[in-house]
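S.K.: The structure under discussion is supplied below as structure tokens; questions concerning it will follow.
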Amino acid sequence: MNKPLALSLALLVAGHASAAERVDLLVRDATVVDIATGKLQPHRSIAVRDGRILAVVDAKRAKAYEPAQVIDASGKFAIPGLWDMHVHFGGGEALIGENRNLLPLYVAHGITAVRDAAGDLSPSVFQWRDAVADGKLPGPRILTSGPKIEGYKSIWPGDLEIGNVAELDAALDQLQGWKVDFVKITDNTLSPELFIEAVKNADRRGLKTSAHVPYALTLEEVSAAGLDSIEHLDYAYKAGSPLEKSLGEKIARGETTSRDAWTQWNATFDPARAMAAYRNLARHGTAITPTINGSRVVTYLDQDDHRDDDYLKYIGPGLQATYTWRVERAAKDDAAAVARRHERFETSASVLPMLQRAGVTILAGTDAGFLNSYNYPGIGLHDELGWLVHYGLTPQQALQAATINGARFLGHDDEYGTLAPGKIADVVLLDADPLRDISATRRIHAVVLRGQVHGRADLDAMLADVARRVAAQRAQAPASP
């Protein structure tokens, strides 16, 4: 072979070997937080193409990529996008616009998916879910139950009311036709028998179920029936008492109040009995969404009425008006009732680490939205994470509750929940290590949502836009009498 030809071939081979692979985005030199193991992976780069993570590589291998866009993430900590596993959209058709304003609040706080646990705006929520999925509406991924299943003349607006198995079947047919992501069942007027049948019927159809637990049923009964998640931590406490069933049935018959029953449950609470019940929840695969923040806000309204919260500038006047009923109800409590309220909350919250030790899946959710006073969409999840740690979880466990656990619960852990090749590129870059201090989740440098970068300036602009919209809505609202 002559020298010019050999040189040409050598240059061709060298050029091919050094050709960079094109990607849409490279998050360069971040410390990746492995939520599953609790380990930090420093000096990693995340390559993104077509909205998915192509690779997570070290500094040397990162040179193999030619990115269209680069984020310098040196000194930053990368975690998966957060999931709020209990939110609400509602308040009536007049508040559709105010509810839609909440979507940017989630993104601006690093929340890339929300689980809507029923309200009275399901047609709008279905539209938003599809529009977000199609890239036509900015916002977090929405997973929704649609309207909840209830009994006749329920207090909850917008639900599907049933009184027999035929109506239950029709309701589930309707929900499946809407392609709901799970089924929400509550216990205001629904009979215990129909509640159990709803859980079993949904399970037979391959639908996930989420519920408030009827007093007349034990945790073991609903869990054994196939209930997938219990909403709100206070339902778990009574399982530690041998009087769980008998007092629950008395409440259902109107022979005692939940307040008096709780006093007896508390007096007879047995940690060993509770742990056995919680292990059964884990064995059956029943998760719990504690929603501590929402309960705590109302519990301690006597100490902080939240009327001067700066965050109210992001909450429309109509939504703020829905807070009134809980505020007024709490205001009726005398000093003794307030003390009982505090004790009940703190005692119920104390079982959180027991649930974790028993192997129960904990889902981080806020209960934010309409009706739930001063429990704010967006920032509320960071409050929730803080309380999860305060009441006994480690920062790693709290982060798992807001990432891996939610994605796995809804069957989407193949695409979400961790930072790994093939996953959807939902990434939150933090200024500090959340494994050392969970409050670091509030210090957001940037959010990558389905591969699209939103830097700090973009996130601040989202918040400012919502504040402007709310100010305009407030200016147009009728004056209070």
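Each chain in the structure tokens gets a letter, A, B, ..., in the order shown, and its residues are numbered from 1; ligands are numbered from 1 in order too.
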So that I can see what lies close to segment 383-397 of chain A, please list as a ChimeraX atom specification the residues with an atom at most 8 Å from it, counting only C-alpha atoms and leaving out residues fewer than 2 positions away in the same chain.

M.R.: /A:35,38,291-293,349-350,352-353,356,364-366,379-381,399-401,434-439

S.K.: Go ahead and save the picked residues with N, CA and C atoms, as a compact mmCIF listing (two decimals), in the first residue's frame.

M.R.:
```txt
# COMPACT_ATOMS: atom_id res chain seq x y z
N ILE A 35 -31.26 7.56 44.46
CA ILE A 35 -32.30 7.51 45.47
C ILE A 35 -32.46 6.09 46.03
N GLY A 38 -29.03 5.45 48.14
CA GLY A 38 -28.60 6.51 49.03
C GLY A 38 -27.16 6.93 48.82
N THR A 291 -50.03 12.37 53.85
CA THR A 291 -50.55 13.74 53.75
C THR A 291 -50.45 14.47 55.09
N ILE A 292 -49.26 14.46 55.66
CA ILE A 292 -49.06 15.05 56.98
C ILE A 292 -49.24 16.56 56.95
N ASN A 293 -48.70 17.22 55.93
CA ASN A 293 -48.72 18.69 55.93
C ASN A 293 -50.13 19.26 56.01
N ALA A 349 -49.17 10.74 63.93
CA ALA A 349 -47.94 10.89 63.13
C ALA A 349 -46.82 10.01 63.65
N SER A 350 -46.88 9.65 64.93
CA SER A 350 -45.79 8.87 65.52
C SER A 350 -45.68 7.47 64.95
N LEU A 352 -45.60 6.74 61.81
CA LEU A 352 -44.96 6.76 60.48
C LEU A 352 -43.72 5.88 60.41
N PRO A 353 -42.76 6.00 61.33
CA PRO A 353 -41.58 5.12 61.22
C PRO A 353 -41.91 3.65 61.43
N GLN A 356 -42.87 2.38 58.06
CA GLN A 356 -41.68 2.22 57.25
C GLN A 356 -40.93 0.95 57.63
N ALA A 364 -45.45 10.04 48.98
CA ALA A 364 -45.45 11.45 49.38
C ALA A 364 -46.54 12.19 48.62
N GLY A 365 -47.52 12.71 49.35
CA GLY A 365 -48.60 13.47 48.74
C GLY A 365 -49.04 14.57 49.67
N THR A 366 -49.60 15.63 49.11
CA THR A 366 -49.88 16.81 49.91
C THR A 366 -51.35 16.97 50.30
N ILE A 379 -45.14 24.17 46.62
CA ILE A 379 -44.28 24.22 47.80
C ILE A 379 -44.73 23.22 48.86
N GLY A 380 -46.01 22.85 48.83
CA GLY A 380 -46.54 21.91 49.81
C GLY A 380 -45.82 20.58 49.83
N LEU A 381 -45.33 20.10 48.69
CA LEU A 381 -44.63 18.82 48.67
C LEU A 381 -43.31 18.92 49.44
N LEU A 399 -37.28 10.94 50.06
CA LEU A 399 -37.09 11.12 48.62
C LEU A 399 -37.64 9.94 47.83
N GLN A 400 -37.48 8.74 48.35
CA GLN A 400 -38.06 7.58 47.68
C GLN A 400 -39.57 7.70 47.61
N ALA A 401 -40.19 8.22 48.67
CA ALA A 401 -41.64 8.38 48.71
C ALA A 401 -42.13 9.34 47.65
N PRO A 434 -29.64 16.72 49.18
CA PRO A 434 -30.87 16.44 49.93
C PRO A 434 -30.75 15.24 50.85
N LEU A 435 -29.74 14.39 50.67
CA LEU A 435 -29.55 13.26 51.57
C LEU A 435 -29.03 13.72 52.93
N ARG A 436 -28.36 14.85 52.96
CA ARG A 436 -27.86 15.41 54.22
C ARG A 436 -28.92 16.27 54.90
N ASP A 437 -29.69 17.00 54.08
CA ASP A 437 -30.70 17.91 54.61
C ASP A 437 -31.84 17.96 53.61
N ILE A 438 -33.00 17.42 54.00
CA ILE A 438 -34.12 17.32 53.07
C ILE A 438 -34.58 18.69 52.59
N SER A 439 -34.31 19.75 53.33
CA SER A 439 -34.71 21.08 52.88
C SER A 439 -33.99 21.51 51.62
```

S.K.: DSSP on the backbone, then: every residue of segment 192-291 of chain A marked helix (DSSP H, G or I), written as a PyMOL selection string.

M.R.: chain A and resi 192-204+219-224+234-240+244-253+258-267+271-284

S.K.: Please identify which residues in segment 92-324 of chain A DSSP calls strand (DSSP E or B) from the backbone, and express them as a list in words.

M.R.: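 Of segment 92-324 of chain A, only Ile111, Thr112, Ala113, Val114, Arg115, Asp116, Arg141, Ile142, Leu143, Thr144, Ile149, Glu150, Leu160, Glu161, Val183, Lys184, Ile185, Thr209, Ser210, Ala211, Ser229, Ile230, Glu231, Ala287, Ile288 and Thr289 of chain A fall in strand (DSSP E or B).
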
S.K.: For the contact check between segment 105-169 of chain A and segment 212-221 of chain A, emit one row per residue of segment 105-169 of chain A within 12 Å, containing the shortest atom pair and the distance in Å rounded to one decimal, counting only C-alpha atoms, chain then rising number order, as CSV.

M.R.:
```
residue,atom,partner,partner_atom,distance
A:Ala117,CA,A:His212,CA,11.0
A:Lys148,CA,A:His212,CA,10.8
A:Ile149,CA,A:His212,CA,10.9
A:Glu150,CA,A:His212,CA,10.7
A:Gly151,CA,A:Pro214,CA,12.0
```

S.K.: Next, the residues of the selection above should be written as a PDB file, in the first residue's frame with N, CA, C and O atoms.

M.R.:
```pdb
ATOM      1  N   ALA A 117     -56.378  13.064  43.022  1.00  0.00           N
ATOM      2  CA  ALA A 117     -57.184  12.108  43.783  1.00  0.00           C
ATOM      3  C   ALA A 117     -58.639  12.539  43.877  1.00  0.00           C
ATOM      4  O   ALA A 117     -59.257  12.432  44.939  1.00  0.00           O
ATOM      5  N   LYS A 148     -64.571  10.325  42.130  1.00  0.00           N
ATOM      6  CA  LYS A 148     -64.484   9.229  43.087  1.00  0.00           C
ATOM      7  C   LYS A 148     -65.806   8.456  43.151  1.00  0.00           C
ATOM      8  O   LYS A 148     -66.870   8.958  42.756  1.00  0.00           O
ATOM      9  N   ILE A 149     -65.736   7.249  43.666  1.00  0.00           N
ATOM     10  CA  ILE A 149     -66.934   6.431  43.883  1.00  0.00           C
ATOM     11  C   ILE A 149     -67.422   6.658  45.306  1.00  0.00           C
ATOM     12  O   ILE A 149     -66.642   6.576  46.271  1.00  0.00           O
ATOM     13  N   GLU A 150     -68.719   6.937  45.440  1.00  0.00           N
ATOM     14  CA  GLU A 150     -69.327   7.210  46.741  1.00  0.00           C
ATOM     15  C   GLU A 150     -70.739   6.634  46.796  1.00  0.00           C
ATOM     16  O   GLU A 150     -71.231   6.091  45.805  1.00  0.00           O
ATOM     17  N   GLY A 151     -71.365   6.779  47.976  1.00  0.00           N
ATOM     18  CA  GLY A 151     -72.765   6.398  48.141  1.00  0.00           C
ATOM     19  C   GLY A 151     -73.680   7.559  47.785  1.00  0.00           C
ATOM     20  O   GLY A 151     -73.225   8.645  47.393  1.00  0.00           O
TER      21      GLY A 151
END
```

S.K.: Leu121 of chain A: which residues within 12 Å, counting only C-alpha atoms, same-chain residues fewer than 6 positions away excluded, as a PDB file with N, CA and C atoms, in the first residue's frame?

M.R.:
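Saved result, selection.pdb, follows:
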```pdb
ATOM      1  N   HIS A  88     -55.582  17.744  44.403  1.00  0.00           N
ATOM      2  CA  HIS A  88     -56.981  17.878  43.986  1.00  0.00           C
ATOM      3  C   HIS A  88     -57.149  19.087  43.075  1.00  0.00           C
ATOM      4  N   PHE A  89     -57.970  18.914  42.057  1.00  0.00           N
ATOM      5  CA  PHE A  89     -58.435  20.031  41.230  1.00  0.00           C
ATOM      6  C   PHE A  89     -59.947  20.106  41.423  1.00  0.00           C
ATOM      7  N   GLY A  90     -60.455  21.263  41.814  1.00  0.00           N
ATOM      8  CA  GLY A  90     -61.900  21.336  42.032  1.00  0.00           C
ATOM      9  C   GLY A  90     -62.346  22.698  42.508  1.00  0.00           C
ATOM     10  N   GLY A  91     -63.631  22.745  42.873  1.00  0.00           N
ATOM     11  CA  GLY A  91     -64.224  23.988  43.335  1.00  0.00           C
ATOM     12  C   GLY A  91     -65.317  24.513  42.432  1.00  0.00           C
ATOM     13  N   GLY A  92     -65.647  23.730  41.394  1.00  0.00           N
ATOM     14  CA  GLY A  92     -66.708  24.149  40.483  1.00  0.00           C
ATOM     15  C   GLY A  92     -66.173  24.760  39.202  1.00  0.00           C
ATOM     16  N   GLU A  93     -67.030  24.799  38.180  1.00  0.00           N
ATOM     17  CA  GLU A  93     -66.609  25.263  36.855  1.00  0.00           C
ATOM     18  C   GLU A  93     -66.102  26.697  36.864  1.00  0.00           C
ATOM     19  N   ALA A  94     -66.582  27.511  37.787  1.00  0.00           N
ATOM     20  CA  ALA A  94     -66.113  28.896  37.851  1.00  0.00           C
ATOM     21  C   ALA A  94     -64.633  28.976  38.204  1.00  0.00           C
ATOM     22  N   LEU A  95     -64.079  27.892  38.741  1.00  0.00           N
ATOM     23  CA  LEU A  95     -62.678  27.897  39.176  1.00  0.00           C
ATOM     24  C   LEU A  95     -61.768  27.098  38.250  1.00  0.00           C
ATOM     25  N   ILE A  96     -62.237  26.785  37.052  1.00  0.00           N
ATOM     26  CA  ILE A  96     -61.390  26.036  36.113  1.00  0.00           C
ATOM     27  C   ILE A  96     -60.095  26.792  35.848  1.00  0.00           C
ATOM     28  N   GLY A  97     -60.188  28.072  35.583  1.00  0.00           N
ATOM     29  CA  GLY A  97     -58.990  28.866  35.309  1.00  0.00           C
ATOM     30  C   GLY A  97     -58.035  28.913  36.487  1.00  0.00           C
ATOM     31  N   GLU A  98     -58.575  29.071  37.686  1.00  0.00           N
ATOM     32  CA  GLU A  98     -57.723  29.107  38.874  1.00  0.00           C
ATOM     33  C   GLU A  98     -57.014  27.774  39.096  1.00  0.00           C
ATOM     34  N   ASN A  99     -57.700  26.680  38.825  1.00  0.00           N
ATOM     35  CA  ASN A  99     -57.077  25.368  38.955  1.00  0.00           C
ATOM     36  C   ASN A  99     -55.993  25.152  37.902  1.00  0.00           C
ATOM     37  N   ARG A 100     -56.258  25.613  36.690  1.00  0.00           N
ATOM     38  CA  ARG A 100     -55.254  25.459  35.642  1.00  0.00           C
ATOM     39  C   ARG A 100     -53.992  26.259  35.977  1.00  0.00           C
ATOM     40  N   GLN A 127     -58.793  16.701  29.985  1.00  0.00           N
ATOM     41  CA  GLN A 127     -58.260  17.512  28.884  1.00  0.00           C
ATOM     42  C   GLN A 127     -56.833  17.936  29.176  1.00  0.00           C
ATOM     43  N   TRP A 128     -56.565  18.378  30.405  1.00  0.00           N
ATOM     44  CA  TRP A 128     -55.207  18.798  30.750  1.00  0.00           C
ATOM     45  C   TRP A 128     -54.247  17.614  30.699  1.00  0.00           C
ATOM     46  N   THR A 144     -54.801  10.633  36.988  1.00  0.00           N
ATOM     47  CA  THR A 144     -56.039  10.995  37.663  1.00  0.00           C
ATOM     48  C   THR A 144     -56.975   9.815  37.881  1.00  0.00           C
ATOM     49  N   SER A 145     -57.753   9.925  38.961  1.00  0.00           N
ATOM     50  CA  SER A 145     -58.781   8.924  39.247  1.00  0.00           C
ATOM     51  C   SER A 145     -60.093   9.264  38.570  1.00  0.00           C
ATOM     52  N   GLY A 146     -60.204  10.503  38.018  1.00  0.00           N
ATOM     53  CA  GLY A 146     -61.522  10.951  37.620  1.00  0.00           C
ATOM     54  C   GLY A 146     -62.375  11.106  38.868  1.00  0.00           C
ATOM     55  N   PRO A 147     -63.705  11.140  38.735  1.00  0.00           N
ATOM     56  CA  PRO A 147     -64.563  11.290  39.915  1.00  0.00           C
ATOM     57  C   PRO A 147     -64.477  10.073  40.827  1.00  0.00           C
ATOM     58  N   LYS A 148     -64.571  10.325  42.130  1.00  0.00           N
ATOM     59  CA  LYS A 148     -64.484   9.229  43.087  1.00  0.00           C
ATOM     60  C   LYS A 148     -65.806   8.456  43.151  1.00  0.00           C
ATOM     61  N   PRO A 157     -68.365  16.840  46.124  1.00  0.00           N
ATOM     62  CA  PRO A 157     -68.890  17.280  44.827  1.00  0.00           C
ATOM     63  C   PRO A 157     -68.296  16.472  43.673  1.00  0.00           C
ATOM     64  N   GLY A 158     -69.112  16.229  42.669  1.00  0.00           N
ATOM     65  CA  GLY A 158     -68.619  15.633  41.431  1.00  0.00           C
ATOM     66  C   GLY A 158     -68.361  14.151  41.459  1.00  0.00           C
ATOM     67  N   ASP A 159     -68.835  13.446  42.500  1.00  0.00           N
ATOM     68  CA  ASP A 159     -68.520  12.016  42.574  1.00  0.00           C
ATOM     69  C   ASP A 159     -69.530  11.175  41.788  1.00  0.00           C
ATOM     70  N   GLY A 369     -54.823  21.624  47.064  1.00  0.00           N
ATOM     71  CA  GLY A 369     -55.816  21.989  46.068  1.00  0.00           C
ATOM     72  C   GLY A 369     -56.977  22.692  46.740  1.00  0.00           C
ATOM     73  N   PHE A 370     -58.150  22.500  46.230  1.00  0.00           N
ATOM     74  CA  PHE A 370     -59.314  23.147  46.834  1.00  0.00           C
ATOM     75  C   PHE A 370     -59.703  22.473  48.148  1.00  0.00           C
TER      76      PHE A 370
END
```
